[in-house]
file entry_2.txt (compact mmCIF, C-alpha atoms)
# COMPACT_ATOMS: atom_id res chain seq x y z
CA MET A 1 0.00 0.00 0.00
CA SER A 2 1.10 3.50 -0.62
CA SER A 3 0.54 6.29 1.87
CA SER A 4 1.03 9.97 1.99
CA SER A 5 1.89 12.53 4.61
CA ASN A 6 -1.08 14.27 6.15
CA PRO A 7 0.00 17.69 7.43
CA ASN A 8 -3.59 18.96 7.59
CA ASN A 9 -4.96 16.06 9.64
CA GLU A 10 -6.01 17.83 12.84
CA PRO A 11 -6.23 14.76 15.13
CA ALA A 12 -2.75 13.72 14.02
CA ALA A 13 -1.36 17.18 14.70
CA ALA A 14 -2.55 16.88 18.29
CA SER A 15 0.03 14.17 18.93
CA VAL A 16 3.30 16.01 18.48
CA SER A 17 6.21 13.62 18.09
CA ALA A 18 9.57 13.91 19.79
CA SER A 19 11.61 13.01 16.70
CA ALA A 20 11.91 14.81 13.38
CA ASN A 21 11.97 11.35 11.80
CA ILE A 22 8.29 10.92 12.60
CA LYS A 23 5.80 12.04 9.96
CA PRO A 24 2.00 12.18 9.88
CA TYR A 25 0.39 9.38 7.93
CA LYS A 26 -2.95 8.68 6.33
CA ILE A 27 -4.19 5.50 4.73
CA ALA A 28 -4.42 5.82 0.96
CA VAL A 29 -4.96 2.54 -0.87
CA PRO A 30 -4.07 2.84 -4.57
CA GLU A 31 -7.10 2.78 -6.84
CA ALA A 32 -5.47 -0.05 -8.79
CA ALA A 33 -5.66 -2.26 -5.68
CA LEU A 34 -9.39 -1.59 -5.35
CA THR A 35 -9.93 -2.30 -9.04
CA ARG A 36 -8.05 -5.58 -8.70
CA LEU A 37 -10.15 -6.53 -5.66
CA ARG A 38 -13.42 -5.86 -7.51
CA ALA A 39 -12.28 -8.00 -10.44
CA LYS A 40 -11.33 -10.90 -8.18
CA LEU A 41 -14.58 -10.73 -6.23
CA ALA A 42 -16.54 -10.74 -9.51
CA GLN A 43 -14.86 -14.03 -10.43
CA ALA A 44 -14.83 -15.60 -6.97
CA THR A 45 -15.40 -19.35 -6.82
CA LEU A 46 -16.85 -20.78 -3.63
CA PRO A 47 -16.76 -24.44 -2.61
CA GLN A 48 -19.62 -26.54 -3.90
CA PRO A 49 -22.46 -26.68 -1.37
CA THR A 50 -23.05 -29.76 0.76
CA ARG A 51 -25.53 -30.61 3.49
CA PHE A 52 -22.94 -29.55 6.05
CA SER A 53 -21.41 -26.51 4.30
CA ASP A 54 -22.71 -24.28 7.11
CA ASP A 55 -21.64 -26.49 10.02
CA PRO A 56 -19.14 -24.33 11.98
CA LYS A 57 -17.34 -27.44 13.22
CA TYR A 58 -15.83 -27.68 9.73
CA GLY A 59 -14.66 -24.05 9.66
CA ALA A 60 -16.02 -20.90 8.07
CA ARG A 61 -19.68 -21.28 7.10
CA ARG A 62 -20.28 -21.15 3.35
CA GLU A 63 -23.43 -19.09 3.89
CA ASP A 64 -21.48 -16.44 5.81
CA ILE A 65 -18.66 -16.21 3.31
CA ALA A 66 -21.06 -16.02 0.35
CA ARG A 67 -22.92 -13.14 2.01
CA LEU A 68 -19.72 -11.31 2.89
CA VAL A 69 -18.38 -11.70 -0.65
CA ARG A 70 -21.61 -10.26 -2.04
CA VAL A 71 -21.53 -7.30 0.35
CA TRP A 72 -17.83 -6.76 -0.36
CA ARG A 73 -18.48 -6.75 -4.10
CA ASP A 74 -21.73 -4.78 -4.24
CA GLU A 75 -22.10 -2.61 -1.14
CA TYR A 76 -18.98 -2.11 0.94
CA ASP A 77 -17.06 1.15 0.46
CA TRP A 78 -13.39 0.95 1.42
CA ARG A 79 -12.92 4.65 0.73
CA ALA A 80 -15.54 5.48 3.38
CA ALA A 81 -13.84 3.16 5.89
CA GLU A 82 -10.46 4.62 5.01
CA ALA A 83 -11.70 8.18 5.55
CA ASP A 84 -13.26 7.21 8.86
CA LEU A 85 -10.03 5.66 10.15
CA ASN A 86 -8.00 8.65 9.03
CA ALA A 87 -10.40 11.01 10.78
CA ARG A 88 -10.64 9.11 14.06
CA MET A 89 -7.13 7.80 14.55
CA PRO A 90 -4.04 10.07 14.57
CA GLN A 91 -1.51 8.06 12.59
CA PHE A 92 2.18 8.44 11.95
CA GLU A 93 5.14 6.65 10.45
CA THR A 94 8.82 6.51 11.29
CA THR A 95 11.83 4.32 10.65
CA VAL A 96 13.63 2.10 13.12
CA ALA A 97 17.01 0.40 12.75
CA VAL A 98 16.81 -3.28 13.71
CA GLU A 99 20.07 -5.00 14.60
CA GLY A 100 20.92 -7.63 12.00
CA HIS A 101 17.93 -6.66 9.85
CA GLU A 102 16.68 -3.45 8.23
CA ASP A 103 18.62 -0.25 8.79
CA ALA A 104 15.45 1.81 8.37
CA LEU A 105 12.35 -0.31 8.91
CA ARG A 106 9.26 1.80 8.32
CA VAL A 107 6.74 1.56 11.16
CA HIS A 108 3.15 2.79 11.11
CA PHE A 109 1.51 3.65 14.41
CA VAL A 110 -1.36 5.42 16.11
CA HIS A 111 -0.36 8.01 18.72
CA ARG A 112 -2.80 9.98 20.78
CA ARG A 113 -1.75 12.14 23.71
CA SER A 114 -4.21 12.86 26.49
CA GLY A 115 -3.17 16.50 26.77
CA ARG A 116 -2.98 16.23 30.55
CA ASP A 117 0.08 16.41 32.77
CA GLY A 118 1.12 13.13 34.31
CA ALA A 119 -0.42 10.99 31.59
CA VAL A 120 0.79 7.38 31.54
CA PRO A 121 2.60 6.40 28.31
CA LEU A 122 0.93 3.16 27.21
CA LEU A 123 2.16 0.91 24.40
CA PHE A 124 -0.70 -1.20 23.01
CA VAL A 125 0.51 -4.23 21.00
CA HIS A 126 -1.89 -6.22 18.81
CA GLY A 127 -1.66 -9.81 17.66
CA TRP A 128 -2.93 -12.04 14.85
CA PRO A 129 -5.44 -11.77 13.25
CA GLY A 130 -5.71 -8.35 14.82
CA SER A 131 -4.22 -5.00 13.93
CA PHE A 132 -4.03 -1.40 15.10
CA LEU A 133 -7.83 -1.36 14.61
CA GLU A 134 -8.16 -3.06 17.98
CA VAL A 135 -7.22 0.17 19.75
CA SER A 136 -9.86 2.25 17.99
CA LYS A 137 -12.58 1.96 20.64
CA ILE A 138 -10.39 2.36 23.71
CA LEU A 139 -8.33 5.23 22.30
CA PRO A 140 -10.74 8.06 23.24
CA LEU A 141 -11.60 6.41 26.57
CA LEU A 142 -7.97 6.15 27.65
CA ALA A 143 -7.14 9.69 26.62
CA ALA A 144 -10.18 11.18 28.33
CA GLY A 145 -9.96 12.33 31.91
CA GLY A 146 -12.55 11.71 34.56
CA LYS A 147 -12.09 12.13 38.28
CA ASP A 148 -9.02 13.96 39.51
CA ASP A 149 -7.41 10.71 40.65
CA GLU A 150 -8.30 8.85 37.44
CA PRO A 151 -5.30 8.36 35.16
CA THR A 152 -5.18 9.33 31.52
CA PHE A 153 -2.90 7.78 28.94
CA ASP A 154 -0.73 8.75 26.02
CA VAL A 155 -1.50 5.79 23.77
CA VAL A 156 0.86 4.34 21.17
CA ALA A 157 -0.53 1.51 19.02
CA PRO A 158 1.79 0.37 16.23
CA SER A 159 1.18 -1.89 13.28
CA LEU A 160 3.70 -4.62 13.94
CA PRO A 161 6.31 -5.12 11.22
CA ASN A 162 4.79 -7.40 8.54
CA TYR A 163 1.32 -6.18 9.52
CA GLY A 164 -0.97 -3.37 8.46
CA PHE A 165 0.81 -0.35 7.12
CA SER A 166 4.23 -1.11 8.54
CA GLN A 167 6.97 -2.38 6.29
CA GLY A 168 7.60 -6.07 5.73
CA THR A 169 10.89 -7.57 6.82
CA SER A 170 13.25 -9.07 4.25
CA ASN A 171 15.51 -11.43 6.19
CA PRO A 172 14.75 -14.66 8.05
CA GLY A 173 15.05 -14.73 11.82
CA PHE A 174 12.85 -11.72 12.61
CA GLY A 175 11.38 -13.03 15.85
CA LEU A 176 10.43 -11.93 19.35
CA PRO A 177 13.69 -10.07 20.12
CA GLN A 178 13.31 -8.01 16.94
CA TYR A 179 9.63 -7.20 17.47
CA ALA A 180 10.46 -6.15 21.03
CA GLU A 181 13.37 -4.05 19.77
CA VAL A 182 11.18 -2.21 17.27
CA MET A 183 8.49 -1.47 19.85
CA HIS A 184 11.02 -0.23 22.40
CA LYS A 185 12.87 1.99 19.93
CA LEU A 186 9.57 3.46 18.78
CA MET A 187 8.72 4.47 22.34
CA LEU A 188 12.16 6.03 22.75
CA GLN A 189 11.71 8.00 19.53
CA LEU A 190 8.48 9.39 20.91
CA GLY A 191 10.29 10.58 24.00
CA TYR A 192 8.98 7.88 26.33
CA ASP A 193 12.07 6.59 28.10
CA LYS A 194 9.82 4.87 30.62
CA TYR A 195 6.41 3.47 29.78
CA VAL A 196 3.89 0.70 30.44
CA THR A 197 2.55 -1.94 28.08
CA GLN A 198 -0.69 -3.73 27.26
CA GLY A 199 -1.10 -6.82 25.13
CA GLY A 200 -2.86 -10.07 24.33
CA ASP A 201 -2.15 -12.72 21.70
CA TRP A 202 1.24 -11.78 20.15
CA GLY A 203 1.03 -8.63 22.23
CA PHE A 204 1.41 -10.88 25.28
CA PHE A 205 4.62 -12.40 23.91
CA ILE A 206 6.11 -9.14 22.66
CA THR A 207 5.38 -7.07 25.77
CA ARG A 208 6.64 -9.89 27.99
CA ALA A 209 9.83 -10.00 25.91
CA MET A 210 10.17 -6.24 26.35
CA GLY A 211 9.94 -6.65 30.11
CA ILE A 212 12.78 -9.15 29.98
CA LEU A 213 14.99 -7.17 27.59
CA TYR A 214 14.23 -3.62 28.77
CA PRO A 215 13.19 -3.83 32.45
CA LYS A 216 14.51 -0.33 33.23
CA HIS A 217 12.11 1.12 30.69
CA VAL A 218 9.02 -1.09 31.02
CA LEU A 219 7.67 0.02 34.38
CA ALA A 220 4.58 -2.21 34.36
CA SER A 221 2.69 -4.49 32.03
CA HIS A 222 -0.97 -5.42 31.64
CA ILE A 223 -2.03 -8.58 29.81
CA ASN A 224 -5.48 -9.83 28.81
CA ILE A 225 -4.52 -13.46 28.33
CA ILE A 226 -2.65 -15.84 30.62
CA LEU A 227 -0.15 -18.10 28.88
CA THR A 228 1.95 -20.24 31.18
CA GLN A 229 2.69 -23.85 32.03
CA PRO A 230 0.40 -25.63 34.52
CA PRO A 231 1.54 -25.33 38.15
CA THR A 232 3.75 -28.05 39.58
CA PRO A 233 4.67 -29.01 43.16
CA THR A 234 7.90 -27.03 42.77
CA THR A 235 6.77 -23.98 40.80
CA ALA A 236 3.50 -23.25 42.61
CA PRO A 237 2.57 -25.92 45.16
CA ILE A 238 -0.69 -24.34 46.34
CA LEU A 239 -1.95 -23.76 42.80
CA TRP A 240 -0.86 -27.27 41.85
CA LEU A 241 -2.76 -28.76 44.79
CA GLN A 242 -5.90 -26.77 43.93
CA HIS A 243 -5.67 -27.88 40.31
CA THR A 244 -4.94 -31.52 41.19
CA LEU A 245 -7.78 -31.77 43.69
CA GLY A 246 -10.20 -30.00 41.38
CA GLN A 247 -10.65 -27.07 43.74
CA LEU A 248 -11.66 -24.70 40.98
CA THR A 249 -14.64 -22.43 40.49
CA ALA A 250 -17.26 -23.17 37.85
CA GLY A 251 -15.83 -20.34 35.76
CA GLU A 252 -12.30 -21.75 36.01
CA ARG A 253 -13.50 -25.21 34.99
CA ALA A 254 -15.33 -23.69 32.03
CA GLY A 255 -12.17 -21.82 31.07
CA LEU A 256 -10.09 -24.99 31.13
CA ALA A 257 -12.74 -26.72 29.00
CA ARG A 258 -12.63 -23.82 26.54
CA THR A 259 -8.83 -24.10 26.45
CA ALA A 260 -8.99 -27.86 25.83
CA TRP A 261 -11.49 -27.33 23.00
CA PHE A 262 -9.26 -24.73 21.37
CA ARG A 263 -6.14 -26.89 21.57
CA ALA A 264 -7.98 -29.89 20.13
CA GLU A 265 -10.27 -28.25 17.56
CA GLY A 266 -9.22 -24.65 16.95
CA HIS A 267 -5.42 -24.62 16.93
CA GLY A 268 -4.67 -26.19 13.56
CA TYR A 269 -3.96 -22.83 11.92
CA ALA A 270 -1.04 -22.27 14.32
CA GLY A 271 0.52 -25.60 13.43
CA ILE A 272 0.47 -24.62 9.76
CA GLN A 273 1.63 -21.04 10.27
CA SER A 274 4.48 -22.07 12.58
CA THR A 275 5.84 -24.75 10.25
CA LYS A 276 5.02 -23.87 6.61
CA PRO A 277 3.73 -20.26 6.56
CA HIS A 278 4.57 -19.67 2.93
CA THR A 279 2.20 -22.38 1.69
CA PRO A 280 -1.07 -20.84 2.96
CA GLY A 281 0.54 -17.48 2.22
CA PHE A 282 0.03 -18.04 -1.51
CA ALA A 283 -3.72 -18.35 -0.97
CA LEU A 284 -3.92 -15.32 1.30
CA ALA A 285 -1.86 -13.17 -1.07
CA ASP A 286 -3.78 -14.12 -4.20
CA SER A 287 -7.35 -14.67 -3.06
CA PRO A 288 -9.34 -12.12 -1.06
CA VAL A 289 -11.95 -14.82 -0.43
CA ALA A 290 -9.36 -17.18 1.04
CA LEU A 291 -8.11 -14.37 3.27
CA LEU A 292 -11.67 -13.52 4.32
CA ALA A 293 -12.48 -17.10 5.27
CA TRP A 294 -9.17 -17.63 7.09
CA VAL A 295 -9.65 -14.54 9.25
CA TYR A 296 -13.44 -14.56 9.63
CA GLU A 297 -13.45 -18.03 11.18
CA LYS A 298 -11.28 -16.68 14.02
CA LEU A 299 -13.34 -13.53 14.48
CA ARG A 300 -16.41 -15.73 14.92
CA ASP A 301 -14.90 -18.47 17.07
CA TRP A 302 -12.64 -16.38 19.29
CA THR A 303 -15.18 -13.84 20.53
CA ASP A 304 -17.99 -13.96 23.05
CA ASP A 305 -20.86 -13.87 20.55
CA TYR A 306 -19.74 -10.43 19.43
CA ALA A 307 -22.23 -9.12 16.86
CA TRP A 308 -19.82 -8.44 14.00
CA THR A 309 -21.33 -6.33 11.26
CA ASP A 310 -20.36 -7.19 7.72
CA HIS A 311 -18.69 -3.82 7.33
CA GLU A 312 -16.62 -4.34 10.49
CA VAL A 313 -15.41 -7.70 9.21
CA LEU A 314 -14.54 -6.32 5.79
CA THR A 315 -12.61 -3.37 7.21
CA TRP A 316 -10.73 -5.74 9.52
CA VAL A 317 -9.87 -8.02 6.60
CA GLY A 318 -9.11 -5.04 4.38
CA VAL A 319 -6.27 -3.94 6.65
CA TYR A 320 -4.66 -7.32 5.91
CA LEU A 321 -5.51 -7.35 2.21
CA PHE A 322 -4.08 -3.87 1.61
CA SER A 323 -1.17 -4.21 4.02
CA ASP A 324 2.22 -3.01 2.82
CA ALA A 325 3.86 -6.42 3.20
CA GLY A 326 0.85 -8.42 2.01
CA PRO A 327 -1.36 -10.63 4.19
CA ASP A 328 0.99 -13.61 3.89
CA ALA A 329 3.75 -11.77 5.76
CA SER A 330 1.70 -11.71 8.95
CA LEU A 331 2.02 -15.49 9.31
CA ARG A 332 5.79 -15.54 9.59
CA ILE A 333 5.92 -14.50 13.25
CA TYR A 334 4.66 -17.98 14.08
CA TYR A 335 7.50 -19.68 12.25
CA GLU A 336 10.22 -17.36 13.52
CA THR A 337 9.10 -17.77 17.14
CA LYS A 338 9.02 -21.55 16.82
CA HIS A 339 12.39 -21.61 15.01
CA PRO A 340 14.58 -18.92 16.62
CA PRO A 341 18.09 -18.55 15.22
CA SER A 342 20.68 -20.38 17.27
CA SER A 343 23.04 -17.43 16.90
CA ALA A 344 20.72 -14.83 18.41
CA SER A 345 23.18 -13.90 21.17
CA GLY A 346 21.24 -16.02 23.60
CA LEU A 347 18.03 -14.04 23.02
CA GLY A 348 16.27 -16.31 20.55
CA SER A 349 15.41 -19.73 21.90
CA GLY A 350 15.66 -18.68 25.53
CA LEU A 351 13.38 -15.68 25.16
CA GLY A 352 10.52 -17.67 23.65
CA ALA A 353 10.45 -19.92 26.72
CA ALA A 354 11.11 -17.15 29.23
CA VAL A 355 7.90 -15.27 28.44
CA TYR A 356 5.91 -18.18 29.88
CA GLY A 357 7.74 -17.94 33.21
CA TRP A 358 8.45 -15.54 36.02
CA VAL A 359 9.45 -12.02 35.01
CA GLY A 360 10.21 -10.46 38.34
CA GLY A 361 11.33 -6.99 37.36
CA VAL A 362 8.02 -5.75 35.93
CA PRO A 363 4.80 -5.34 37.97
CA LEU A 364 2.00 -7.22 36.26
CA GLY A 365 -1.72 -6.65 35.80
CA VAL A 366 -3.96 -9.46 34.58
CA SER A 367 -7.46 -9.37 33.11
CA SER A 368 -9.16 -12.59 32.05
CA PHE A 369 -12.10 -13.02 29.69
CA PRO A 370 -14.09 -16.28 29.61
CA LYS A 371 -14.31 -16.75 25.85
CA ASP A 372 -10.66 -16.16 25.10
CA VAL A 373 -9.11 -19.11 23.30
CA ILE A 374 -6.84 -19.84 26.25
CA ALA A 375 -8.78 -19.21 29.45
CA LEU A 376 -6.60 -20.44 32.31
CA PRO A 377 -7.43 -19.70 35.98
CA ILE A 378 -6.53 -16.11 36.72
CA SER A 379 -4.51 -17.25 39.73
CA TRP A 380 -2.07 -18.91 37.34
CA GLY A 381 -1.06 -15.43 36.25
CA ARG A 382 0.77 -15.14 39.55
CA MET A 383 3.38 -17.51 38.12
CA LEU A 384 4.23 -14.90 35.47
CA GLY A 385 5.40 -12.06 37.71
CA PRO A 386 4.59 -9.82 40.68
CA VAL A 387 0.85 -9.34 40.15
CA VAL A 388 -0.44 -5.98 41.35
CA PHE A 389 -3.87 -6.14 39.69
CA GLU A 390 -6.33 -8.90 38.81
CA SER A 391 -9.77 -8.75 37.19
CA ARG A 392 -11.81 -11.77 36.16
CA HIS A 393 -14.67 -10.92 33.84
CA THR A 394 -17.80 -12.89 33.07
CA GLU A 395 -18.02 -11.78 29.45
CA GLY A 396 -15.64 -11.07 26.61
CA GLY A 397 -13.29 -12.99 24.35
CA HIS A 398 -9.97 -12.74 22.55
CA PHE A 399 -10.27 -9.12 21.42
CA PRO A 400 -11.41 -7.32 24.60
CA ALA A 401 -10.26 -3.87 23.45
CA TYR A 402 -12.72 -4.21 20.58
CA GLU A 403 -15.41 -6.45 22.10
CA LYS A 404 -15.58 -4.97 25.60
CA PRO A 405 -13.67 -1.66 25.50
CA GLU A 406 -15.25 -0.26 28.66
CA LEU A 407 -14.19 -3.30 30.70
CA LEU A 408 -10.58 -3.20 29.53
CA VAL A 409 -10.30 0.57 30.02
CA SER A 410 -11.77 0.29 33.50
CA ASP A 411 -9.15 -2.31 34.38
CA LEU A 412 -6.32 -0.17 33.06
CA LYS A 413 -7.53 2.90 34.94
CA LYS A 414 -7.84 0.91 38.16
CA MET A 415 -4.41 -0.65 37.76
CA PHE A 416 -2.66 2.63 36.94
CA GLY A 417 -4.74 4.89 39.16
CA LYS A 418 -3.45 6.46 42.35
CA SER A 419 -5.10 3.73 44.39
CA GLY A 420 -3.26 1.17 42.28
CA ILE A 421 0.31 1.10 41.03
CA GLY A 422 -0.02 4.60 39.62
CA ALA A 423 1.09 6.13 42.91
CA LYS A 424 4.49 4.50 42.46
CA LEU A 425 5.02 5.50 38.82
CA PRO A 426 7.05 8.61 37.88
CA PHE A 427 4.45 10.08 35.50
call {"tool": "encode", "arguments": {"input": "entry_2.txt", "output": "structure tokens"}}
result
Amino acid sequence: MSSSSNPNNEPAAASVSASANIKPYKIAVPEAALTRLRAKLAQATLPQPTRFSDDPKYGARREDIARLVRVWRDEYDWRAAEADLNARMPQFETTVAVEGHEDALRVHFVHRRSGRDGAVPLLFVHGWPGSFLEVSKILPLLAAGGKDDEPTFDVVAPSLPNYGFSQGTSNPGFGLPQYAEVMHKLMLQLGYDKYVTQGGDWGFFITRAMGILYPKHVLASHINIILTQPPTPTTAPILWLQHTLGQLTAGERAGLARTAWFRAEGHGYAGIQSTKPHTPGFALADSPVALLAWVYEKLRDWTDDYAWTDHEVLTWVGVYLFSDAGPDASLRIYYETKHPPSSASGLGSGLGAAVYGWVGGVPLGVSSFPKDVIALPISWGRMLGPVVFESRHTEGGHFPAYEKPELLVSDLKKMFGKSGIGAKLPF
């Protein structure tokens, strides 16, 4: 995708950057890309119908994909979505040097300052199949002030390299250390020497890696998914005993059942993307319908009955379709994390395992949502670091910033408020 500077974008101008390298950005998909999309949708071939074509156990429902293709072809207006995103989200781009990789990797990001003194710099990191769009609903809520003791946030939400409107990487071995390096250097460019982080999905892994690599800069971290090994008699004897004896709440048992279902029936995509990402990449790069089905299945299965509109789905998928690196590039993070280079100065293979364990230098906040794909007992989060905040919700799924923005924002404001860890932070 091509983009252009946007010096007259008023929301963007409100977020003044600390580096001259940072330029305003607006989304501007070339007309040729839209023409190509229309031509491909006009010639789309769907699988032949069967009696079970709409059984979700088999994957994306044919009925849903046929409807979405029709709306995409005949009704949906990308230009309207593009204008809306440009108006609502102050966007920028910069370049970051990545050791052993690009000397000037172009990074797209959203940056909105609260305009209040003492605002908390918050790095929001998305995952797959998400994007910077996930921050759109919480952005105004985090920047807005309420009570005098309620924190506000300067929010930074990048498109990860190989995603959205950031540049694709060109060399193998771009894994967790490199994603963490890019995110950290971006925050430094913006003048945030010390900051806090929020993440789920790959955002969990990347922000955890940042806490390990840059503990003097990452002052606290909030996660909305718990990923760790089950407790053992040596790692967490009380949690192990509770788990072994079945001393769990009904919600915790339901979460473990949800987790078991996902690992048995919903995790096949990860096995493919972490071993042979280029093979499905051909389908995603060439066929907008293949991309739609591959992503839509997750949007449906990973949320708590969120009422996706067709236009929401198509905008979400459009960010992948029109991404600078192409939708196939987004799969490679799975392979690179599973196959870290052996010569990564000790940061590759060890870092991937370390994020699942104790990170003692960074205070941790944990929010759990029952319909996430991995829904472990919230108490297991205490094996990940010094927990200063916990919140177990009764609704919500894998994309809480988008599904349940008020709940996630409330958690962040409680965690970083003066009655929480905020009193100890230098902001």
call {"tool": "atom_distance", "arguments": {"input": "entry_2.txt", "atom1": "atom CA of A:Pro370", "atom2": "atom CA of A:Asn224"}}
result
10.8 Å
call {"tool": "residues_around", "arguments": {"input": "entry_2.txt", "residues": "stretch 187-198 of chain A", "least_positions_apart": "3", "cutoff": "6 Å", "atoms": "all atoms listed in the file", "output": "list in words"}}
result
Ser17, Ala18, Ser19, Pro121, Leu122, Leu123, Phe124, His184, His217, Val218, Leu219, Ala220, Ser221, His222 and Ile223 of chain A
call {"tool": "closest_atom_pairs", "arguments": {"input": "entry_2.txt", "of": "stretch 52-144 of chain A", "to": "stretch 167-179 of chain A", "cutoff": "10 Å", "atoms": "only C-alpha atoms", "output": "Markdown table"}}
result
| residue | atom | partner | partner_atom | distance |
| --- | --- | --- | --- | --- |
| A:Thr95 | CA | A:Gln167 | CA | 9.4 |
| A:Val98 | CA | A:Gln178 | CA | 6.7 |
| A:Glu99 | CA | A:Gln178 | CA | 7.8 |
| A:Gly100 | CA | A:Asn171 | CA | 8.8 |
| A:His101 | CA | A:Asn171 | CA | 6.5 |
| A:Glu102 | CA | A:Thr169 | CA | 7.2 |
| A:Ala104 | CA | A:Gln167 | CA | 9.7 |
| A:Leu105 | CA | A:Gln167 | CA | 6.3 |
| A:Arg106 | CA | A:Gln167 | CA | 5.2 |
| A:Val107 | CA | A:Gln167 | CA | 6.3 |
| A:His108 | CA | A:Gln167 | CA | 8.0 |
call {"tool": "write_last_selection", "arguments": {"input": "entry_2.txt", "atoms": "C-alpha atoms", "output": "compact mmCIF listing (two decimals), in the frame of the given file"}}
result
# COMPACT_ATOMS: atom_id res chain seq x y z
CA THR A 95 11.83 4.32 10.65
CA VAL A 98 16.81 -3.28 13.71
CA GLU A 99 20.07 -5.00 14.60
CA GLY A 100 20.92 -7.63 12.00
CA HIS A 101 17.93 -6.66 9.85
CA GLU A 102 16.68 -3.45 8.23
CA ALA A 104 15.45 1.81 8.37
CA LEU A 105 12.35 -0.31 8.91
CA ARG A 106 9.26 1.80 8.32
CA VAL A 107 6.74 1.56 11.16
CA HIS A 108 3.15 2.79 11.11
call {"tool": "atom_distance", "arguments": {"input": "entry_2.txt", "atom1": "atom CA of A:Leu364", "atom2": "atom CA of A:Pro386"}}
result
5.7 Å
call {"tool": "atom_distance", "arguments": {"input": "entry_2.txt", "atom1": "atom CA of A:Thr152", "atom2": "atom CA of A:Ile225"}}
result
23.0 Å
call {"tool": "closest_residue", "arguments": {"input": "entry_2.txt", "among": "A:Ala354, A:Ala283, A:Val409, A:Ala325", "to": "A:Pro161", "atoms": "only C-alpha atoms"}}
result
A:Ala325
call {"tool": "closest_atom_pairs", "arguments": {"input": "entry_2.txt", "of": "stretch 242-281 of chain A", "to": "stretch 326-332 of chain A", "cutoff": "10 Å", "atoms": "all atoms listed in the file", "output": "CSV"}}
result
residue,atom,partner,partner_atom,distance
A:Tyr269,CA,A:Leu331,CA,9.8
A:Ala270,CA,A:Leu331,CA,9.0
A:Ile272,CA,A:Leu331,CA,9.3
A:Gln273,CA,A:Leu331,CA,5.6
A:Ser274,CA,A:Arg332,CA,7.3
A:Thr275,CA,A:Arg332,CA,9.2
A:Lys276,CA,A:Arg332,CA,8.9
A:Pro277,CA,A:Leu331,CA,5.8
A:His278,CA,A:Asp328,CA,7.1
A:Thr279,CA,A:Asp328,CA,9.1
A:Pro280,CA,A:Asp328,CA,7.6
A:Gly281,CA,A:Asp328,CA,4.2
call {"tool": "residues_around", "arguments": {"input": "entry_2.txt", "residues": "A:Tyr356", "least_positions_apart": "6", "cutoff": "9 Å", "atoms": "all atoms listed in the file", "output": "list in words"}}
result
Phe205, Arg208, Ile226, Leu227, Thr228, Gln229, Met383 and Leu384 of chain A
call {"tool": "closest_residue", "arguments": {"input": "entry_2.txt", "among": "A:Ile238, A:Lys137, A:Met183, A:Leu314", "to": "A:Pro400", "atoms": "only C-alpha atoms"}}
result
A:Lys137
call {"tool": "closest_residue", "arguments": {"input": "entry_2.txt", "among": "A:Ala20, A:Val29, A:Val289, A:Ala264", "to": "A:Arg67", "atoms": "only C-alpha atoms"}}
result
A:Val289
call {"tool": "closest_residue", "arguments": {"input": "entry_2.txt", "among": "A:Phe52, A:Phe389, A:Tyr402, A:Phe132", "to": "A:Lys414", "atoms": "all atoms listed in the file"}}
result
A:Phe389
call {"tool": "residues_around", "arguments": {"input": "entry_2.txt", "residues": "stretch 256-261 of chain A", "least_positions_apart": "4", "cutoff": "8 Å", "atoms": "all atoms listed in the file", "output": "list of chain:residue names"}}
result
A:Glu252, A:Glu265, A:Gly266, A:Lys371, A:Val373, A:Ile374, A:Ala375, A:Leu376, A:Pro377
call {"tool": "decode", "arguments": {"input": "entry_2.txt", "residues": "stretch 239-245 of chain A", "atoms": "N, CA, C and O atoms", "output": "CSV table (one decimal), in the first residue's frame"}}
result
chain,number,residue,atom,x,y,z
A,239,LEU,N,-1.2,-23.7,44.0
A,239,LEU,CA,-2.0,-23.8,42.8
A,239,LEU,C,-2.0,-25.2,42.2
A,239,LEU,O,-3.0,-25.6,41.7
A,240,TRP,N,-0.9,-25.9,42.3
A,240,TRP,CA,-0.9,-27.3,41.9
A,240,TRP,C,-1.8,-28.1,42.6
A,240,TRP,O,-2.6,-28.9,42.1
A,241,LEU,N,-1.9,-28.0,44.0
A,241,LEU,CA,-2.8,-28.8,44.8
A,241,LEU,C,-4.2,-28.4,44.5
A,241,LEU,O,-5.1,-29.3,44.3
A,242,GLN,N,-4.5,-27.1,44.3
A,242,GLN,CA,-5.9,-26.8,43.9
A,242,GLN,C,-6.3,-27.4,42.6
A,242,GLN,O,-7.4,-27.9,42.4
A,243,HIS,N,-5.4,-27.3,41.6
A,243,HIS,CA,-5.7,-27.9,40.3
A,243,HIS,C,-5.8,-29.4,40.4
A,243,HIS,O,-6.7,-30.0,39.8
A,244,THR,N,-4.9,-30.1,41.1
A,244,THR,CA,-4.9,-31.5,41.2
A,244,THR,C,-6.2,-32.0,41.9
A,244,THR,O,-6.8,-33.0,41.5
A,245,LEU,N,-6.6,-31.3,42.9
A,245,LEU,CA,-7.8,-31.8,43.7
A,245,LEU,C,-9.1,-31.3,43.1
A,245,LEU,O,-10.2,-31.5,43.6
